[in-house]
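This is work_30.cif (mmCIF, N, CA and C atoms).
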```cif
data_entry
#
loop_
_atom_site.label_atom_id
_atom_site.label_comp_id
_atom_site.auth_asym_id
_atom_site.auth_seq_id
_atom_site.Cartn_x
_atom_site.Cartn_y
_atom_site.Cartn_z
N MET P 73 118.80 29.38 61.85
CA MET P 73 120.04 30.04 61.55
C MET P 73 120.16 31.27 62.43
N PHE P 74 121.29 31.41 63.05
CA PHE P 74 121.54 32.50 63.98
C PHE P 74 122.43 33.53 63.31
N LEU P 75 121.97 34.81 63.33
CA LEU P 75 122.77 35.87 62.72
C LEU P 75 123.53 36.61 63.80
N ALA P 76 124.75 36.71 63.66
CA ALA P 76 125.59 37.44 64.61
C ALA P 76 125.62 38.90 64.20
N PRO P 77 125.69 39.82 65.18
CA PRO P 77 125.75 41.23 64.80
C PRO P 77 127.01 41.52 63.99
N ARG P 78 126.82 42.46 63.07
CA ARG P 78 127.97 42.83 62.24
C ARG P 78 128.99 43.56 63.08
N PRO P 79 130.18 43.31 62.87
CA PRO P 79 131.20 44.08 63.59
C PRO P 79 131.25 45.50 63.03
N THR P 80 131.36 46.47 63.93
CA THR P 80 131.47 47.86 63.50
C THR P 80 132.85 48.36 63.79
N ASP P 81 133.33 49.15 62.89
CA ASP P 81 134.63 49.74 63.16
C ASP P 81 134.43 51.06 63.90
N SER P 82 135.44 51.67 64.36
CA SER P 82 135.34 52.87 65.19
C SER P 82 134.79 54.08 64.43
N ALA P 83 134.84 54.10 63.13
CA ALA P 83 134.35 55.24 62.35
C ALA P 83 132.82 55.25 62.30
N GLU P 84 132.13 54.11 62.47
CA GLU P 84 130.69 54.03 62.37
C GLU P 84 130.00 53.97 63.73
N ALA P 85 130.70 53.87 64.80
CA ALA P 85 130.11 53.70 66.12
C ALA P 85 129.71 55.06 66.72
N GLY P 86 128.49 55.15 67.42
CA GLY P 86 128.05 56.33 68.16
C GLY P 86 127.47 57.42 67.27
N PHE P 87 127.20 58.58 67.93
CA PHE P 87 126.63 59.73 67.25
C PHE P 87 127.73 60.74 66.94
N THR P 88 127.50 61.54 65.93
CA THR P 88 128.45 62.61 65.64
C THR P 88 128.11 63.80 66.53
N VAL P 89 129.00 64.72 66.63
CA VAL P 89 128.79 65.93 67.44
C VAL P 89 127.61 66.73 66.90
N ILE P 90 127.46 66.79 65.60
CA ILE P 90 126.36 67.53 64.98
C ILE P 90 125.02 66.91 65.38
N GLU P 91 124.93 65.59 65.37
CA GLU P 91 123.69 64.92 65.75
C GLU P 91 123.33 65.19 67.21
N VAL P 92 124.32 65.17 68.08
CA VAL P 92 124.08 65.46 69.49
C VAL P 92 123.63 66.90 69.68
N LEU P 93 124.23 67.84 68.99
CA LEU P 93 123.84 69.25 69.10
C LEU P 93 122.42 69.47 68.59
N ILE P 94 122.06 68.80 67.50
CA ILE P 94 120.69 68.95 66.98
C ILE P 94 119.69 68.37 67.98
N ALA P 95 120.00 67.23 68.57
CA ALA P 95 119.10 66.64 69.57
C ALA P 95 118.94 67.56 70.77
N LEU P 96 120.01 68.17 71.23
CA LEU P 96 119.94 69.10 72.36
C LEU P 96 119.12 70.33 72.00
N ALA P 97 119.25 70.83 70.78
CA ALA P 97 118.47 71.99 70.35
C ALA P 97 116.98 71.66 70.33
N VAL P 98 116.62 70.47 69.84
CA VAL P 98 115.21 70.06 69.81
C VAL P 98 114.66 69.95 71.23
N VAL P 99 115.42 69.36 72.14
CA VAL P 99 114.99 69.25 73.54
C VAL P 99 114.83 70.63 74.16
N ALA P 100 115.75 71.53 73.89
CA ALA P 100 115.67 72.89 74.44
C ALA P 100 114.43 73.62 73.94
N VAL P 101 114.11 73.49 72.67
CA VAL P 101 112.91 74.13 72.11
C VAL P 101 111.66 73.57 72.77
N CYS P 102 111.61 72.27 72.98
CA CYS P 102 110.45 71.65 73.65
C CYS P 102 110.31 72.15 75.09
N ILE P 103 111.40 72.27 75.80
CA ILE P 103 111.35 72.75 77.19
C ILE P 103 110.87 74.19 77.24
N VAL P 104 111.34 75.03 76.32
CA VAL P 104 110.89 76.43 76.28
C VAL P 104 109.40 76.50 75.96
N ALA P 105 108.92 75.67 75.05
CA ALA P 105 107.49 75.68 74.71
C ALA P 105 106.64 75.27 75.91
N VAL P 106 107.06 74.24 76.64
CA VAL P 106 106.31 73.81 77.82
C VAL P 106 106.33 74.90 78.89
N GLY P 107 107.47 75.54 79.08
CA GLY P 107 107.55 76.63 80.05
C GLY P 107 106.65 77.80 79.70
N SER P 108 106.56 78.11 78.42
CA SER P 108 105.69 79.20 77.97
C SER P 108 104.22 78.87 78.23
N VAL P 109 103.83 77.63 77.96
CA VAL P 109 102.45 77.23 78.21
C VAL P 109 102.14 77.30 79.71
N MET P 110 103.06 76.87 80.53
CA MET P 110 102.83 76.91 81.98
C MET P 110 102.75 78.35 82.49
N ALA P 111 103.58 79.24 81.97
CA ALA P 111 103.53 80.64 82.40
C ALA P 111 102.20 81.28 82.01
N THR P 112 101.71 80.97 80.82
CA THR P 112 100.41 81.48 80.39
C THR P 112 99.30 80.94 81.28
N ASN P 113 99.39 79.69 81.66
CA ASN P 113 98.40 79.09 82.54
C ASN P 113 98.40 79.76 83.91
N VAL P 114 99.57 80.06 84.45
CA VAL P 114 99.66 80.72 85.76
C VAL P 114 99.04 82.11 85.70
N ARG P 115 99.30 82.85 84.62
CA ARG P 115 98.69 84.18 84.47
C ARG P 115 97.17 84.08 84.40
N GLY P 116 96.67 83.09 83.70
CA GLY P 116 95.22 82.89 83.61
C GLY P 116 94.60 82.57 84.95
N VAL P 117 95.26 81.74 85.73
CA VAL P 117 94.75 81.38 87.06
C VAL P 117 94.74 82.62 87.96
N ARG P 118 95.78 83.42 87.92
CA ARG P 118 95.81 84.64 88.73
C ARG P 118 94.71 85.60 88.33
N SER P 119 94.46 85.71 87.04
CA SER P 119 93.39 86.58 86.57
C SER P 119 92.03 86.11 87.08
N VAL P 120 91.79 84.82 87.04
CA VAL P 120 90.53 84.28 87.55
C VAL P 120 90.42 84.51 89.06
N GLU P 121 91.52 84.34 89.79
CA GLU P 121 91.49 84.58 91.24
C GLU P 121 91.15 86.03 91.55
N ARG P 122 91.73 86.97 90.80
CA ARG P 122 91.42 88.40 91.03
C ARG P 122 89.95 88.67 90.73
N HIS P 123 89.42 88.07 89.67
CA HIS P 123 88.01 88.26 89.32
C HIS P 123 87.11 87.71 90.42
N VAL P 124 87.44 86.55 90.95
CA VAL P 124 86.64 85.96 92.03
C VAL P 124 86.68 86.84 93.28
N GLU P 125 87.85 87.38 93.61
CA GLU P 125 87.96 88.28 94.76
C GLU P 125 87.09 89.51 94.57
N LEU P 126 87.12 90.09 93.38
CA LEU P 126 86.29 91.27 93.11
C LEU P 126 84.81 90.92 93.21
N MET P 127 84.42 89.77 92.69
CA MET P 127 83.02 89.34 92.78
C MET P 127 82.60 89.15 94.24
N GLN P 128 83.46 88.56 95.04
CA GLN P 128 83.14 88.36 96.45
C GLN P 128 83.00 89.70 97.17
N MET P 129 83.86 90.64 96.85
CA MET P 129 83.75 91.96 97.48
C MET P 129 82.48 92.68 97.03
N ALA P 130 82.11 92.55 95.76
CA ALA P 130 80.87 93.16 95.29
C ALA P 130 79.68 92.54 96.02
N ARG P 131 79.71 91.25 96.19
CA ARG P 131 78.63 90.57 96.91
C ARG P 131 78.58 91.01 98.38
N THR P 132 79.75 91.14 98.99
CA THR P 132 79.81 91.61 100.37
C THR P 132 79.28 93.02 100.49
N ALA P 133 79.66 93.88 99.55
CA ALA P 133 79.17 95.26 99.57
C ALA P 133 77.66 95.31 99.41
N LEU P 134 77.11 94.49 98.52
CA LEU P 134 75.66 94.46 98.36
C LEU P 134 74.97 93.95 99.62
N ALA P 135 75.56 92.95 100.26
CA ALA P 135 74.92 92.34 101.43
C ALA P 135 75.03 93.20 102.68
N THR P 136 76.16 93.87 102.86
CA THR P 136 76.38 94.59 104.11
C THR P 136 76.16 96.09 104.01
N ALA P 137 76.42 96.68 102.85
CA ALA P 137 76.39 98.14 102.74
C ALA P 137 75.07 98.67 102.23
N MET P 138 74.33 97.84 101.54
CA MET P 138 73.06 98.31 100.98
C MET P 138 72.04 98.46 102.09
N PRO P 139 71.39 99.60 102.15
CA PRO P 139 70.32 99.75 103.13
C PRO P 139 69.12 98.88 102.76
N ARG P 140 68.24 98.72 103.71
CA ARG P 140 67.03 97.96 103.43
C ARG P 140 66.27 98.62 102.29
N ARG P 141 65.43 97.86 101.63
CA ARG P 141 64.69 98.36 100.47
C ARG P 141 63.90 99.62 100.83
N ALA P 142 63.31 99.65 102.01
CA ALA P 142 62.51 100.81 102.41
C ALA P 142 63.37 102.06 102.58
N ASP P 143 64.65 101.88 102.93
CA ASP P 143 65.55 103.01 103.16
C ASP P 143 66.39 103.38 101.95
N LEU P 144 66.32 102.59 100.90
CA LEU P 144 67.14 102.83 99.71
C LEU P 144 66.63 104.06 98.96
N GLN P 145 67.53 104.97 98.69
CA GLN P 145 67.20 106.20 97.98
C GLN P 145 68.13 106.38 96.79
N PRO P 146 67.68 107.07 95.75
CA PRO P 146 68.59 107.36 94.63
C PRO P 146 69.78 108.18 95.13
N GLY P 147 70.95 107.86 94.59
CA GLY P 147 72.16 108.56 95.00
C GLY P 147 73.34 107.61 95.02
N THR P 148 74.38 107.99 95.75
CA THR P 148 75.61 107.22 95.79
C THR P 148 76.00 106.92 97.22
N LEU P 149 76.37 105.68 97.47
CA LEU P 149 76.94 105.26 98.74
C LEU P 149 78.35 104.76 98.45
N SER P 150 79.27 104.98 99.35
CA SER P 150 80.63 104.47 99.13
C SER P 150 81.24 104.08 100.46
N GLY P 151 82.27 103.28 100.37
CA GLY P 151 82.96 102.84 101.58
C GLY P 151 84.15 101.97 101.23
N GLN P 152 84.66 101.31 102.25
CA GLN P 152 85.84 100.49 102.07
C GLN P 152 85.70 99.25 102.95
N ILE P 153 86.05 98.10 102.38
CA ILE P 153 86.09 96.84 103.12
C ILE P 153 87.50 96.31 102.96
N GLY P 154 88.25 96.29 104.04
CA GLY P 154 89.65 95.91 103.93
C GLY P 154 90.37 96.93 103.06
N ASP P 155 91.06 96.45 102.05
CA ASP P 155 91.76 97.33 101.12
C ASP P 155 90.95 97.61 99.86
N TYR P 156 89.74 97.05 99.79
CA TYR P 156 88.90 97.21 98.61
C TYR P 156 87.96 98.39 98.81
N ARG P 157 87.86 99.26 97.79
CA ARG P 157 86.91 100.37 97.82
C ARG P 157 85.68 99.98 97.02
N TRP P 158 84.52 100.40 97.48
CA TRP P 158 83.29 100.11 96.76
C TRP P 158 82.44 101.37 96.68
N ARG P 159 81.58 101.39 95.67
CA ARG P 159 80.65 102.49 95.47
C ARG P 159 79.35 101.89 94.92
N VAL P 160 78.23 102.31 95.47
CA VAL P 160 76.93 101.87 95.01
C VAL P 160 76.18 103.09 94.49
N ASP P 161 75.81 103.04 93.22
CA ASP P 161 75.03 104.12 92.60
C ASP P 161 73.61 103.61 92.36
N VAL P 162 72.64 104.35 92.85
CA VAL P 162 71.23 104.02 92.64
C VAL P 162 70.64 105.13 91.79
N GLY P 163 70.06 104.77 90.66
CA GLY P 163 69.48 105.78 89.79
C GLY P 163 68.38 105.20 88.94
N GLU P 164 67.89 105.99 88.04
CA GLU P 164 66.80 105.57 87.18
C GLU P 164 67.26 104.46 86.25
N LEU P 165 66.37 103.52 86.01
CA LEU P 165 66.66 102.42 85.11
C LEU P 165 66.69 102.90 83.67
N GLY P 166 65.96 103.92 83.39
CA GLY P 166 65.87 104.41 82.01
C GLY P 166 64.47 104.18 81.49
N GLY P 167 64.09 105.01 80.61
CA GLY P 167 62.72 104.89 80.10
C GLY P 167 61.75 105.59 81.04
N ASP P 168 60.57 105.77 80.59
CA ASP P 168 59.56 106.44 81.41
C ASP P 168 58.69 105.36 82.05
N TRP P 169 58.98 105.07 83.30
CA TRP P 169 58.26 104.01 84.01
C TRP P 169 56.98 104.51 84.64
N ALA P 170 56.84 105.80 84.75
CA ALA P 170 55.62 106.35 85.35
C ALA P 170 54.57 106.52 84.26
N ALA P 171 53.59 105.66 84.30
CA ALA P 171 52.50 105.75 83.32
C ALA P 171 51.49 106.76 83.83
N PRO P 172 50.97 107.63 82.93
CA PRO P 172 49.98 108.60 83.38
C PRO P 172 48.73 107.88 83.88
N ASP P 173 48.16 108.44 84.89
CA ASP P 173 46.94 107.91 85.50
C ASP P 173 47.12 106.50 86.05
N ALA P 174 48.36 106.12 86.37
CA ALA P 174 48.59 104.79 86.93
C ALA P 174 48.99 104.95 88.39
N ASP P 175 48.58 104.02 89.17
CA ASP P 175 48.95 104.02 90.58
C ASP P 175 50.04 102.96 90.77
N ALA P 176 51.28 103.30 90.36
CA ALA P 176 52.40 102.35 90.43
C ALA P 176 52.97 102.35 91.84
N THR P 177 52.92 101.19 92.47
CA THR P 177 53.46 101.07 93.81
C THR P 177 54.97 100.90 93.79
N TRP P 178 55.47 100.19 92.80
CA TRP P 178 56.89 99.90 92.71
C TRP P 178 57.46 100.42 91.40
N ILE P 179 58.66 101.00 91.47
CA ILE P 179 59.35 101.52 90.29
C ILE P 179 60.74 100.89 90.25
N PRO P 180 61.16 100.34 89.11
CA PRO P 180 62.50 99.73 89.03
C PRO P 180 63.59 100.80 89.02
N GLU P 181 64.62 100.57 89.82
CA GLU P 181 65.79 101.47 89.87
C GLU P 181 67.04 100.64 89.55
N LEU P 182 67.95 101.26 88.84
CA LEU P 182 69.21 100.60 88.49
C LEU P 182 70.20 100.77 89.64
N VAL P 183 70.76 99.67 90.11
CA VAL P 183 71.76 99.70 91.17
C VAL P 183 73.07 99.19 90.57
N THR P 184 74.10 100.04 90.60
CA THR P 184 75.42 99.68 90.08
C THR P 184 76.40 99.63 91.24
N VAL P 185 77.07 98.49 91.37
CA VAL P 185 78.09 98.32 92.41
C VAL P 185 79.44 98.32 91.72
N HIS P 186 80.30 99.26 92.10
CA HIS P 186 81.65 99.38 91.55
C HIS P 186 82.62 99.00 92.67
N VAL P 187 83.48 98.01 92.40
CA VAL P 187 84.47 97.57 93.38
C VAL P 187 85.85 97.72 92.76
N GLN P 188 86.78 98.27 93.57
CA GLN P 188 88.16 98.44 93.08
C GLN P 188 89.12 97.83 94.09
N SER P 189 90.04 97.00 93.59
CA SER P 189 91.00 96.32 94.45
C SER P 189 92.19 97.23 94.71
N PRO P 190 93.04 96.87 95.67
CA PRO P 190 94.22 97.69 95.95
C PRO P 190 95.18 97.76 94.76
N THR P 191 95.14 96.77 93.88
CA THR P 191 96.03 96.78 92.72
C THR P 191 95.50 97.65 91.59
N GLY P 192 94.25 98.11 91.71
CA GLY P 192 93.66 98.97 90.69
C GLY P 192 92.66 98.25 89.80
N ALA P 193 92.58 96.94 89.91
CA ALA P 193 91.58 96.20 89.12
C ALA P 193 90.20 96.59 89.60
N ALA P 194 89.27 96.76 88.68
CA ALA P 194 87.93 97.21 89.03
C ALA P 194 86.88 96.37 88.32
N MET P 195 85.68 96.37 88.90
CA MET P 195 84.59 95.61 88.32
C MET P 195 83.28 96.30 88.67
N ASP P 196 82.34 96.27 87.74
CA ASP P 196 81.00 96.81 87.96
C ASP P 196 79.99 95.68 87.88
N VAL P 197 79.04 95.70 88.81
CA VAL P 197 77.93 94.76 88.79
C VAL P 197 76.66 95.60 88.78
N ARG P 198 75.77 95.28 87.84
CA ARG P 198 74.52 96.03 87.74
C ARG P 198 73.35 95.10 88.05
N THR P 199 72.40 95.64 88.80
CA THR P 199 71.20 94.90 89.11
C THR P 199 70.03 95.88 89.17
N VAL P 200 68.84 95.37 89.29
CA VAL P 200 67.66 96.20 89.36
C VAL P 200 66.95 95.91 90.68
N ARG P 201 66.58 96.96 91.38
CA ARG P 201 65.81 96.84 92.61
C ARG P 201 64.50 97.58 92.41
N LEU P 202 63.45 97.02 92.96
CA LEU P 202 62.16 97.71 92.94
C LEU P 202 62.08 98.61 94.15
N MET P 203 61.73 99.87 93.90
CA MET P 203 61.60 100.85 94.98
C MET P 203 60.19 101.38 94.99
N ARG P 204 59.75 101.73 96.15
CA ARG P 204 58.39 102.28 96.27
C ARG P 204 58.28 103.56 95.48
N GLY P 205 57.21 103.65 94.71
CA GLY P 205 56.95 104.85 93.92
C GLY P 205 56.38 105.96 94.78
N GLN P 206 56.28 107.11 94.23
CA GLN P 206 55.70 108.25 94.93
C GLN P 206 54.20 108.03 95.13
N GLN P 207 53.78 108.11 96.35
CA GLN P 207 52.35 107.97 96.63
C GLN P 207 51.66 109.29 96.37
N GLN P 208 50.54 109.23 95.65
CA GLN P 208 49.83 110.47 95.30
C GLN P 208 48.66 110.69 96.19
#
```
Hey, can you dump this file as structure tokens for me?
Amino acid sequence: MFLAPRPTDSAEAGFTVIEVLIALAVVAVCIVAVGSVMATNVRGVRSVERHVELMQMARTALATAMPRRADLQPGTLSGQIGDYRWRVDVGELGGDWAAPDADATWIPELVTVHVQSPTGAAMDVRTVRLMRGQQQ
């Protein structure tokens, strides 16, 4: 048995204006939500890129600006690579590393590398270097 479609009169055919407006509002809300997620993602990527640039500059400053271990002295070194400013502070690690009656050849020193980008973003990297102790 074959069923033929019911005939529709003009009052029941198509969507009403209210239905179309509601559908458009739902689509608009979805588009705004997707746009917001994409904008947040772009900001996150830019933040990671700035962090990577600062890390690369800190690494460059450590590799090129740091004197050899034998020439490293407590104090501050500073300079500029491109538009990035860097500062290296060498100081005591903390605590009393000099044991009485000990012949310590090496003493740990705290080395802090501060890098600042042209936009003002800054980063500190801390490491420890062994430096020759005072010979008695």
Expansion of the PyMOL selection byres ((chain P and resi 186-202) around 8) into residues, as a PyMOL selection string: chain P and resi 122+125-127+129-130+141+154-161+165+177-185+203-205
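Here atom CA of Gly147 of chain P and atom CA of Gly163 of chain P stand 6.5 Å from one another.
From atom N of Val162 of chain P back to atom C of Thr148 of chain P, the distance works out to 6.1 Å.
Taking atom CA of Val109 of chain P and atom CA of Leu96 of chain P as the two end points, the separation is 20.2 Å.
Each of P:Met110, P:Glu164, P:Ala133, P:Val98 was compared to Leu149 of chain P using only C-alpha atoms, and P:Ala133 turns out to be the nearest.
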DSSP strand (DSSP E or B) residues within chain P, as a tab-separated table (two decimals) with N, CA and C atoms, keeping the file's coordinate frame:
```
chain	number	residue	atom	x	y	z
P	147	GLY	N	70.95	107.86	94.59
P	147	GLY	CA	72.16	108.56	95.00
P	147	GLY	C	73.34	107.61	95.02
P	148	THR	N	74.38	107.99	95.75
P	148	THR	CA	75.61	107.22	95.79
P	148	THR	C	76.00	106.92	97.22
P	149	LEU	N	76.37	105.68	97.47
P	149	LEU	CA	76.94	105.26	98.74
P	149	LEU	C	78.35	104.76	98.45
P	150	SER	N	79.27	104.98	99.35
P	150	SER	CA	80.63	104.47	99.13
P	150	SER	C	81.24	104.08	100.46
P	151	GLY	N	82.27	103.28	100.37
P	151	GLY	CA	82.96	102.84	101.58
P	151	GLY	C	84.15	101.97	101.23
P	152	GLN	N	84.66	101.31	102.25
P	152	GLN	CA	85.84	100.49	102.07
P	152	GLN	C	85.70	99.25	102.95
P	153	ILE	N	86.05	98.10	102.38
P	153	ILE	CA	86.09	96.84	103.12
P	153	ILE	C	87.50	96.31	102.96
P	156	TYR	N	89.74	97.05	99.79
P	156	TYR	CA	88.90	97.21	98.61
P	156	TYR	C	87.96	98.39	98.81
P	157	ARG	N	87.86	99.26	97.79
P	157	ARG	CA	86.91	100.37	97.82
P	157	ARG	C	85.68	99.98	97.02
P	158	TRP	N	84.52	100.40	97.48
P	158	TRP	CA	83.29	100.11	96.76
P	158	TRP	C	82.44	101.37	96.68
P	159	ARG	N	81.58	101.39	95.67
P	159	ARG	CA	80.65	102.49	95.47
P	159	ARG	C	79.35	101.89	94.92
P	160	VAL	N	78.23	102.31	95.47
P	160	VAL	CA	76.93	101.87	95.01
P	160	VAL	C	76.18	103.09	94.49
P	161	ASP	N	75.81	103.04	93.22
P	161	ASP	CA	75.03	104.12	92.60
P	161	ASP	C	73.61	103.61	92.36
P	162	VAL	N	72.64	104.35	92.85
P	162	VAL	CA	71.23	104.02	92.64
P	162	VAL	C	70.64	105.13	91.79
P	163	GLY	N	70.06	104.77	90.66
P	163	GLY	CA	69.48	105.78	89.79
P	163	GLY	C	68.38	105.20	88.94
P	164	GLU	N	67.89	105.99	88.04
P	164	GLU	CA	66.80	105.57	87.18
P	164	GLU	C	67.26	104.46	86.25
P	178	TRP	N	55.47	100.19	92.80
P	178	TRP	CA	56.89	99.90	92.71
P	178	TRP	C	57.46	100.42	91.40
P	179	ILE	N	58.66	101.00	91.47
P	179	ILE	CA	59.35	101.52	90.29
P	179	ILE	C	60.74	100.89	90.25
P	180	PRO	N	61.16	100.34	89.11
P	180	PRO	CA	62.50	99.73	89.03
P	180	PRO	C	63.59	100.80	89.02
P	181	GLU	N	64.62	100.57	89.82
P	181	GLU	CA	65.79	101.47	89.87
P	181	GLU	C	67.04	100.64	89.55
P	182	LEU	N	67.95	101.26	88.84
P	182	LEU	CA	69.21	100.60	88.49
P	182	LEU	C	70.20	100.77	89.64
P	183	VAL	N	70.76	99.67	90.11
P	183	VAL	CA	71.76	99.70	91.17
P	183	VAL	C	73.07	99.19	90.57
P	184	THR	N	74.10	100.04	90.60
P	184	THR	CA	75.42	99.68	90.08
P	184	THR	C	76.40	99.63	91.24
P	185	VAL	N	77.07	98.49	91.37
P	185	VAL	CA	78.09	98.32	92.41
P	185	VAL	C	79.44	98.32	91.72
P	186	HIS	N	80.30	99.26	92.10
P	186	HIS	CA	81.65	99.38	91.55
P	186	HIS	C	82.62	99.00	92.67
P	187	VAL	N	83.48	98.01	92.40
P	187	VAL	CA	84.47	97.57	93.38
P	187	VAL	C	85.85	97.72	92.76
P	188	GLN	N	86.78	98.27	93.57
P	188	GLN	CA	88.16	98.44	93.08
P	188	GLN	C	89.12	97.83	94.09
P	194	ALA	N	89.27	96.76	88.68
P	194	ALA	CA	87.93	97.21	89.03
P	194	ALA	C	86.88	96.37	88.32
P	195	MET	N	85.68	96.37	88.90
P	195	MET	CA	84.59	95.61	88.32
P	195	MET	C	83.28	96.30	88.67
P	196	ASP	N	82.34	96.27	87.74
P	196	ASP	CA	81.00	96.81	87.96
P	196	ASP	C	79.99	95.68	87.88
P	197	VAL	N	79.04	95.70	88.81
P	197	VAL	CA	77.93	94.76	88.79
P	197	VAL	C	76.66	95.60	88.78
P	198	ARG	N	75.77	95.28	87.84
P	198	ARG	CA	74.52	96.03	87.74
P	198	ARG	C	73.35	95.10	88.05
P	199	THR	N	72.40	95.64	88.80
P	199	THR	CA	71.20	94.90	89.11
P	199	THR	C	70.03	95.88	89.17
P	200	VAL	N	68.84	95.37	89.29
P	200	VAL	CA	67.66	96.20	89.36
P	200	VAL	C	66.95	95.91	90.68
P	201	ARG	N	66.58	96.96	91.38
P	201	ARG	CA	65.81	96.84	92.61
P	201	ARG	C	64.50	97.58	92.41
P	202	LEU	N	63.45	97.02	92.96
P	202	LEU	CA	62.16	97.71	92.94
P	202	LEU	C	62.08	98.61	94.15
P	203	MET	N	61.73	99.87	93.90
P	203	MET	CA	61.60	100.85	94.98
P	203	MET	C	60.19	101.38	94.99
P	204	ARG	N	59.75	101.73	96.15
P	204	ARG	CA	58.39	102.28	96.27
P	204	ARG	C	58.28	103.56	95.48
```
